[in-house]
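Dropping input12.tsv in here (TSV, C-alpha atoms):
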```tsv
chain	number	residue	atom	x	y	z
A	1	MET	CA	-16.60	7.74	23.13
A	2	PHE	CA	-18.51	4.70	21.89
A	3	GLU	CA	-17.89	2.51	18.89
A	4	LEU	CA	-20.69	0.94	16.88
A	5	LEU	CA	-19.82	-2.17	14.81
A	6	LEU	CA	-22.19	-3.24	12.04
A	7	LEU	CA	-22.06	-6.05	9.49
A	8	ALA	CA	-23.34	-5.02	6.06
A	9	PRO	CA	-23.55	-6.63	2.60
A	10	GLU	CA	-21.85	-4.87	-0.30
A	11	ASP	CA	-24.93	-3.00	-1.56
A	12	ALA	CA	-25.67	-1.57	1.90
A	13	VAL	CA	-22.20	-0.23	2.72
A	14	GLU	CA	-22.60	3.16	1.07
A	15	PRO	CA	-26.11	3.97	2.38
A	16	VAL	CA	-25.14	2.80	5.88
A	17	SER	CA	-21.99	4.92	5.90
A	18	ASP	CA	-23.82	7.96	4.51
A	19	ALA	CA	-26.62	7.62	7.05
A	20	LEU	CA	-24.21	7.30	9.96
A	21	ILE	CA	-22.29	10.44	9.01
A	22	ASP	CA	-24.97	12.65	7.44
A	23	GLU	CA	-28.00	11.84	9.58
A	24	LEU	CA	-27.09	9.94	12.73
A	25	GLY	CA	-24.26	12.01	14.17
A	26	ALA	CA	-21.30	9.66	13.80
A	27	LEU	CA	-17.95	11.36	14.29
A	28	SER	CA	-16.37	8.95	11.81
A	29	ALA	CA	-17.17	5.81	9.86
A	30	SER	CA	-14.73	3.29	8.43
A	31	VAL	CA	-15.24	0.15	6.35
A	32	GLU	CA	-13.24	-3.08	6.61
A	33	ASP	CA	-13.39	-6.47	4.92
A	34	ALA	CA	-15.30	-8.71	7.33
A	35	ASP	CA	-13.49	-11.70	5.82
A	36	ALA	CA	-9.97	-10.28	6.09
A	37	ASP	CA	-7.27	-12.84	6.93
A	38	THR	CA	-9.51	-15.74	5.88
A	39	ASP	CA	-9.81	-17.77	2.68
A	40	ALA	CA	-12.81	-15.60	1.76
A	41	GLU	CA	-10.77	-12.36	1.80
A	42	HIS	CA	-11.49	-10.30	-1.30
A	43	ALA	CA	-9.29	-7.42	-2.47
A	44	LEU	CA	-10.70	-4.25	-4.02
A	45	PHE	CA	-8.66	-2.60	-6.77
A	46	GLY	CA	-8.74	0.61	-8.75
A	47	GLU	CA	-6.07	0.44	-11.42
A	48	PRO	CA	-6.01	1.91	-14.93
A	49	GLY	CA	-7.68	-0.43	-17.40
A	50	MET	CA	-9.61	-2.26	-14.70
A	51	PRO	CA	-13.31	-1.94	-13.84
A	52	ALA	CA	-14.12	0.55	-11.10
A	53	PRO	CA	-13.79	-1.06	-7.66
A	54	ALA	CA	-16.94	-2.05	-5.79
A	55	GLY	CA	-18.17	0.21	-3.02
A	56	GLY	CA	-17.43	-2.41	-0.39
A	57	TRP	CA	-16.57	-6.03	0.20
A	58	ARG	CA	-19.11	-8.85	-0.03
A	59	ARG	CA	-19.36	-8.64	3.75
A	60	SER	CA	-18.14	-5.42	5.31
A	61	ARG	CA	-17.63	-4.26	8.86
A	62	VAL	CA	-18.78	-0.68	9.23
A	63	ILE	CA	-17.28	0.92	12.33
A	64	ALA	CA	-18.75	4.22	13.53
A	65	LEU	CA	-17.53	6.40	16.38
A	66	PHE	CA	-19.94	8.40	18.57
A	67	ALA	CA	-19.47	10.93	21.33
A	68	ASP	CA	-21.30	8.83	23.93
A	69	GLU	CA	-23.34	5.66	24.49
A	70	ALA	CA	-26.70	7.41	24.11
A	71	ALA	CA	-25.79	8.69	20.64
A	72	ALA	CA	-24.52	5.27	19.56
A	73	THR	CA	-27.66	3.52	20.86
A	74	GLU	CA	-29.99	5.97	19.13
A	75	ALA	CA	-28.08	5.67	15.86
A	76	ALA	CA	-28.21	1.86	15.93
A	77	THR	CA	-31.92	1.86	16.74
A	78	LEU	CA	-32.83	4.29	13.96
A	79	LEU	CA	-30.59	2.69	11.37
A	80	LEU	CA	-31.72	-0.90	11.92
A	81	ALA	CA	-35.36	0.19	11.78
A	82	GLN	CA	-35.01	1.25	8.13
A	83	ASP	CA	-36.57	-1.05	5.53
A	84	TRP	CA	-33.47	-0.93	3.34
A	85	ALA	CA	-31.26	-2.03	6.26
A	86	GLY	CA	-32.85	-5.45	6.68
A	87	ASP	CA	-29.58	-7.25	5.89
A	88	VAL	CA	-27.52	-5.06	8.22
A	89	SER	CA	-26.79	-6.49	11.67
A	90	LEU	CA	-25.39	-5.09	14.88
A	91	VAL	CA	-22.16	-6.83	15.91
A	92	ALA	CA	-21.17	-4.79	18.94
A	93	MET	CA	-21.44	-1.48	20.72
A	94	ARG	CA	-18.60	-0.75	23.10
A	95	PRO	CA	-16.77	2.06	24.85
A	96	VAL	CA	-13.49	3.26	23.39
A	97	ALA	CA	-10.81	3.49	26.05
A	98	GLU	CA	-9.23	6.89	26.59
A	99	GLN	CA	-5.73	6.89	25.14
A	100	ASP	CA	-3.02	9.20	23.98
A	101	TRP	CA	-3.62	8.42	20.32
A	102	VAL	CA	-0.55	10.30	19.09
A	103	ARG	CA	1.73	8.41	21.46
A	104	LEU	CA	0.00	5.10	20.64
A	105	THR	CA	0.44	5.62	16.90
A	106	GLN	CA	4.05	6.60	17.28
A	107	SER	CA	4.79	3.58	19.45
A	108	GLN	CA	3.76	1.31	16.57
A	109	PHE	CA	6.40	2.72	14.23
A	110	ALA	CA	9.95	2.21	15.44
A	111	PRO	CA	13.06	2.53	13.25
A	112	VAL	CA	13.36	-0.38	10.81
A	113	GLU	CA	16.60	-1.71	9.33
A	114	VAL	CA	15.90	-3.00	5.82
A	115	ALA	CA	19.51	-3.79	4.90
A	116	PRO	CA	22.85	-3.41	6.68
A	117	GLY	CA	23.18	0.29	7.50
A	118	PHE	CA	19.97	1.19	5.61
A	119	TRP	CA	17.17	2.32	7.94
A	120	ILE	CA	13.68	3.81	7.84
A	121	VAL	CA	13.31	6.21	10.75
A	122	PRO	CA	10.12	8.12	11.77
A	123	SER	CA	10.66	11.81	12.47
A	124	TRP	CA	10.09	11.43	16.22
A	125	HIS	CA	12.97	8.93	16.60
A	126	GLU	CA	16.69	9.57	16.73
A	127	VAL	CA	18.68	8.07	13.88
A	128	PRO	CA	20.38	4.85	15.11
A	129	PRO	CA	24.16	5.30	15.33
A	130	GLN	CA	24.73	2.29	13.04
A	131	ALA	CA	22.62	3.83	10.23
A	132	SER	CA	24.61	5.02	7.21
A	133	GLN	CA	21.61	5.49	4.90
A	134	VAL	CA	18.29	6.78	6.23
A	135	ILE	CA	14.78	7.35	4.89
A	136	ARG	CA	12.81	9.69	7.15
A	137	LEU	CA	9.18	8.61	6.87
A	138	ASP	CA	6.09	8.97	9.06
A	139	PRO	CA	2.87	6.96	8.66
A	140	GLY	CA	0.29	8.83	6.64
A	141	LEU	CA	-2.56	8.42	4.17
A	142	ALA	CA	-0.56	6.38	1.66
A	143	PHE	CA	0.75	2.79	1.84
A	144	GLY	CA	4.43	2.27	2.51
A	145	THR	CA	6.11	2.78	5.86
A	146	GLY	CA	8.73	0.06	5.57
A	147	THR	CA	7.06	-2.23	8.09
A	148	HIS	CA	5.43	-4.54	5.53
A	149	PRO	CA	7.53	-7.39	4.10
A	150	THR	CA	6.80	-6.36	0.51
A	151	THR	CA	8.21	-2.88	1.04
A	152	ARG	CA	11.21	-4.16	2.97
A	153	MET	CA	12.07	-6.67	0.23
A	154	CYS	CA	11.96	-3.97	-2.47
A	155	LEU	CA	14.23	-1.70	-0.44
A	156	ARG	CA	16.54	-4.58	0.40
A	157	TRP	CA	16.83	-5.41	-3.31
A	158	THR	CA	17.66	-1.75	-4.02
A	159	ALA	CA	20.40	-1.68	-1.37
A	160	ARG	CA	21.91	-4.93	-2.62
A	161	GLN	CA	21.87	-3.98	-6.30
A	162	ALA	CA	22.90	-0.34	-5.98
A	163	PRO	CA	26.69	-0.83	-5.63
A	164	GLN	CA	26.87	-2.54	-9.04
A	165	ARG	CA	23.94	-1.02	-10.87
A	166	ALA	CA	22.82	2.35	-9.50
A	167	ALA	CA	25.00	4.23	-11.99
A	168	GLY	CA	22.83	2.75	-14.73
A	169	TRP	CA	19.51	3.71	-13.14
A	170	SER	CA	19.18	6.79	-15.31
A	171	ARG	CA	15.36	6.58	-15.32
A	172	VAL	CA	13.28	4.94	-12.60
A	173	LEU	CA	9.53	4.32	-12.37
A	174	ASP	CA	7.70	3.57	-9.12
A	175	TYR	CA	4.26	2.43	-10.29
A	176	GLY	CA	1.68	2.56	-7.50
A	177	CYS	CA	4.04	4.64	-5.37
A	178	GLY	CA	1.93	5.07	-2.21
A	179	SER	CA	4.13	7.04	0.18
A	180	GLY	CA	6.94	7.18	-2.39
A	181	ILE	CA	9.23	5.09	-0.21
A	182	LEU	CA	10.64	2.98	-3.07
A	183	ALA	CA	11.30	6.03	-5.24
A	184	ILE	CA	13.03	7.76	-2.31
A	185	GLY	CA	15.07	4.64	-1.58
A	186	ALA	CA	16.23	4.51	-5.19
A	187	ALA	CA	17.14	8.21	-5.14
A	188	LEU	CA	19.20	7.80	-1.96
A	189	HIS	CA	21.11	4.98	-3.67
A	190	GLY	CA	22.06	7.03	-6.69
A	191	ALA	CA	19.13	6.69	-9.12
A	192	ARG	CA	18.24	9.69	-11.27
A	193	ASP	CA	15.18	11.01	-13.14
A	194	ILE	CA	12.59	9.21	-11.00
A	195	ASP	CA	8.87	9.13	-11.81
A	196	ALA	CA	6.48	7.97	-9.07
A	197	VAL	CA	2.84	7.46	-10.07
A	198	ASP	CA	-0.36	6.46	-8.29
A	199	ILE	CA	-4.08	6.56	-9.02
A	200	ASP	CA	-4.68	8.18	-5.61
A	201	PRO	CA	-4.02	11.96	-5.51
A	202	ALA	CA	-3.36	11.67	-1.76
A	203	ALA	CA	-0.50	9.26	-2.51
A	204	VAL	CA	0.93	11.70	-5.05
A	205	GLU	CA	0.93	14.50	-2.49
A	206	SER	CA	2.39	12.18	0.15
A	207	THR	CA	5.21	11.20	-2.19
A	208	ARG	CA	6.04	14.83	-2.95
A	209	ALA	CA	6.11	15.70	0.75
A	210	ASN	CA	8.21	12.67	1.69
A	211	ALA	CA	10.69	13.30	-1.14
A	212	GLN	CA	11.11	16.88	0.03
A	213	ALA	CA	11.61	15.74	3.63
A	214	ASN	CA	14.39	13.41	2.44
A	215	HIS	CA	15.99	16.05	0.19
A	216	VAL	CA	15.66	14.01	-2.99
A	217	SER	CA	14.12	14.80	-6.36
A	218	VAL	CA	11.10	12.69	-7.39
A	219	ASN	CA	8.54	13.53	-10.10
A	220	ALA	CA	5.18	12.45	-8.62
A	221	GLY	CA	1.90	12.34	-10.51
A	222	LEU	CA	-1.00	10.29	-11.80
A	223	PRO	CA	-0.29	7.21	-14.00
A	224	GLU	CA	-0.18	9.19	-17.25
A	225	LEU	CA	3.07	10.73	-16.02
A	226	ALA	CA	4.80	7.42	-16.78
A	227	GLN	CA	6.07	7.61	-20.35
A	228	GLY	CA	8.63	5.62	-22.27
A	229	ALA	CA	11.24	3.18	-21.06
A	230	TYR	CA	12.95	3.04	-17.66
A	231	ALA	CA	16.11	1.36	-16.46
A	232	LEU	CA	14.29	0.29	-13.29
A	233	VAL	CA	10.56	-0.27	-12.73
A	234	TYR	CA	9.05	-0.98	-9.31
A	235	ALA	CA	5.46	-2.11	-8.71
A	236	ASN	CA	4.53	-3.06	-5.17
A	237	ILE	CA	0.79	-3.61	-5.49
A	238	LEU	CA	-0.98	-7.00	-5.33
A	239	ALA	CA	-0.96	-10.06	-7.58
A	240	THR	CA	-4.22	-9.46	-9.45
A	241	PRO	CA	-3.46	-5.91	-10.64
A	242	LEU	CA	0.13	-6.93	-11.32
A	243	LYS	CA	-1.13	-9.63	-13.70
A	244	LEU	CA	-3.46	-7.23	-15.47
A	245	LEU	CA	-0.73	-4.62	-15.73
A	246	ALA	CA	1.81	-7.07	-17.19
A	247	PRO	CA	1.80	-5.61	-20.75
A	248	LEU	CA	2.02	-2.03	-19.47
A	249	LEU	CA	4.75	-2.59	-16.89
A	250	SER	CA	6.80	-4.80	-19.21
A	251	ALA	CA	6.65	-2.18	-21.94
A	252	HIS	CA	8.12	0.38	-19.55
A	253	VAL	CA	11.28	-1.70	-18.94
A	254	ALA	CA	14.19	-0.53	-21.10
A	255	PRO	CA	16.65	-2.95	-22.72
A	256	ALA	CA	18.96	-4.23	-19.95
A	257	GLY	CA	16.51	-2.71	-17.44
A	258	SER	CA	15.05	-4.35	-14.33
A	259	LEU	CA	11.48	-5.01	-13.24
A	260	VAL	CA	10.85	-5.43	-9.49
A	261	LEU	CA	7.42	-6.73	-8.44
A	262	ALA	CA	6.03	-7.17	-4.92
A	263	GLY	CA	2.69	-7.78	-3.25
A	264	ILE	CA	2.85	-11.43	-4.32
A	265	LEU	CA	2.13	-14.40	-2.07
A	266	GLU	CA	4.24	-17.55	-2.40
A	267	ARG	CA	1.30	-19.48	-3.86
A	268	GLN	CA	0.91	-16.85	-6.64
A	269	VAL	CA	4.42	-17.17	-8.09
A	270	GLU	CA	3.50	-19.33	-11.09
A	271	GLU	CA	0.51	-17.10	-11.93
A	272	LEU	CA	2.80	-14.07	-12.13
A	273	ARG	CA	5.49	-15.93	-14.02
A	274	SER	CA	2.93	-17.00	-16.64
A	275	ALA	CA	1.40	-13.53	-16.90
A	276	TYR	CA	4.77	-11.93	-17.70
A	277	ALA	CA	6.20	-14.77	-19.80
A	278	PRO	CA	5.43	-13.14	-23.19
A	279	TRP	CA	7.72	-10.25	-22.26
A	280	LEU	CA	10.01	-11.10	-19.34
A	281	ASP	CA	11.27	-14.09	-17.34
A	282	LEU	CA	10.35	-13.44	-13.71
A	283	GLU	CA	12.27	-15.13	-10.92
A	284	VAL	CA	11.85	-15.10	-7.15
A	285	SER	CA	14.58	-12.90	-5.68
A	286	ASP	CA	13.52	-12.77	-2.04
A	287	ALA	CA	10.90	-14.15	0.34
A	288	GLN	CA	9.63	-13.08	3.73
A	289	GLU	CA	6.64	-14.07	5.88
A	290	GLY	CA	4.80	-15.76	3.01
A	291	TRP	CA	5.43	-12.92	0.53
A	292	VAL	CA	7.88	-13.02	-2.37
A	293	LEU	CA	9.78	-10.51	-4.47
A	294	MET	CA	9.93	-11.26	-8.19
A	295	THR	CA	12.38	-9.61	-10.56
A	296	ALA	CA	13.36	-9.77	-14.21
A	297	VAL	CA	15.98	-8.18	-16.46
A	298	ARG	CA	15.16	-7.40	-20.07
A	299	GLY	CA	17.78	-8.54	-22.59
A	300	ALA	CA	20.02	-5.76	-23.84
A	301	GLU	CA	18.95	-6.37	-27.43
A	302	ALA	CA	15.25	-6.90	-26.74
A	303	GLY	CA	12.73	-4.68	-28.43
A	304	MET	CA	9.81	-3.13	-26.63
A	305	ALA	CA	6.64	-5.26	-26.64
```

Output the structure of this file as structure tokens.
Amino acid sequence: MFELLLLAPEDAVEPVSDALIDELGALSASVEDADADTDAEHALFGEPGMPAPAGGWRRSRVIALFADEAAATEAATLLLAQDWAGDVSLVAMRPVAEQDWVRLTQSQFAPVEVAPGFWIVPSWHEVPPQASQVIRLDPGLAFGTGTHPTTRMCLRWTARQAPQRAAGWSRVLDYGCGSGILAIGAALHGARDIDAVDIDPAAVESTRANAQANHVSVNAGLPELAQGAYALVYANILATPLKLLAPLLSAHVAPAGSLVLAGILERQVEELRSAYAPWLDLEVSDAQEGWVLMTAVRGAEAGMA
């Protein structure tokens, strides 16, 4: 197989992707931020109350897969000849090495210990003998496998707090649940009546499947499922949507309840603290690889904002 790499501006991403798949015989087409991991990186969001996300980044890499070199060459020639594709450029065309993709994917996901005795273990691995608490989770369509620092910090917080506080986690909300890993972690540590919500239907289905695989009860649905106050609220998203969601998330925290936020870089701490100040006093509870975990506890006598 051959891979075609193109650089496209935001307004060309959709027509380029459509043309590759619908007219030029691409087996697949994916879009990445061409400025990822640089100061120009730009996140795309799709949260309730926010404008619809753009169709692509300011500069996007469009990566298309073809059955052979001839098909890739013909597709590049025809695409770049279009008048509307004047700002699209060819970056590379290269063979894709033959690999056992299943084995390669599995090799990237080994068991992860997030706290003493608390492990995330893919289904194809044996449970480590030192594991006393296990989440069985395979990589899928939704974010959250336990390998990212933000997820690990949330789970670590859960494991540390559970001995003293899990009995009081009578209602839990995982907002932006992805794979449902935080909701499942809370359930395994004694939480009850857990709602896990996401704007992506694929994440909702993933959460339901993962909860079933771990033999825990989680109510998964779209954001409107979240109603009322919760003893514990998780949101592992990114700083910008977390700031915009501050009134909503704060209002969901019950008196004496906890808010746990992740997806925050160290340089964004003061922005988040200011955004939540009208409702809650956020503090940094953990840090790892440039990311921080911020938490707050609502006063027992506080009213809902």

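In terms of minimum interatomic distance to Met153 of chain A, A:Met294 ranks closest within A:Ala196, A:Met294, A:Ala209, A:Leu232, counting all atoms listed in the file.
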
(message) Given only C-alpha atoms as the basis, pick out the residue of A:Gly168, A:Pro223, A:Pro201, A:Gly144 nearest to Gly180 of chain A.
(response) A:Gly144

(message) Which residues are close to Ile21 of chain A, i.e. within 12 Å by all atoms listed in the file, leaving aside same-chain residues fewer than 2 positions away? Reply as a PyMOL selection string.
(response) chain A and resi 14-19+23-30+62-66+72+75+79

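Taking atom CA of Met1 of chain A and atom CA of Ala70 of chain A as the two end points, the separation is 10.2 Å.
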
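Remark: for Ala12 of chain A, the closest of the candidate residues A:Asp195, A:Glu113, A:Asp87, A:Glu126 is A:Asp87 (distances computed over all atoms listed in the file).
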
(message) Using all atoms listed in the file, can you tell me which of A:Ser179, A:Thr295, A:Thr38, A:Ser123 comes closest to Gln161 of chain A?
(response) A:Thr295
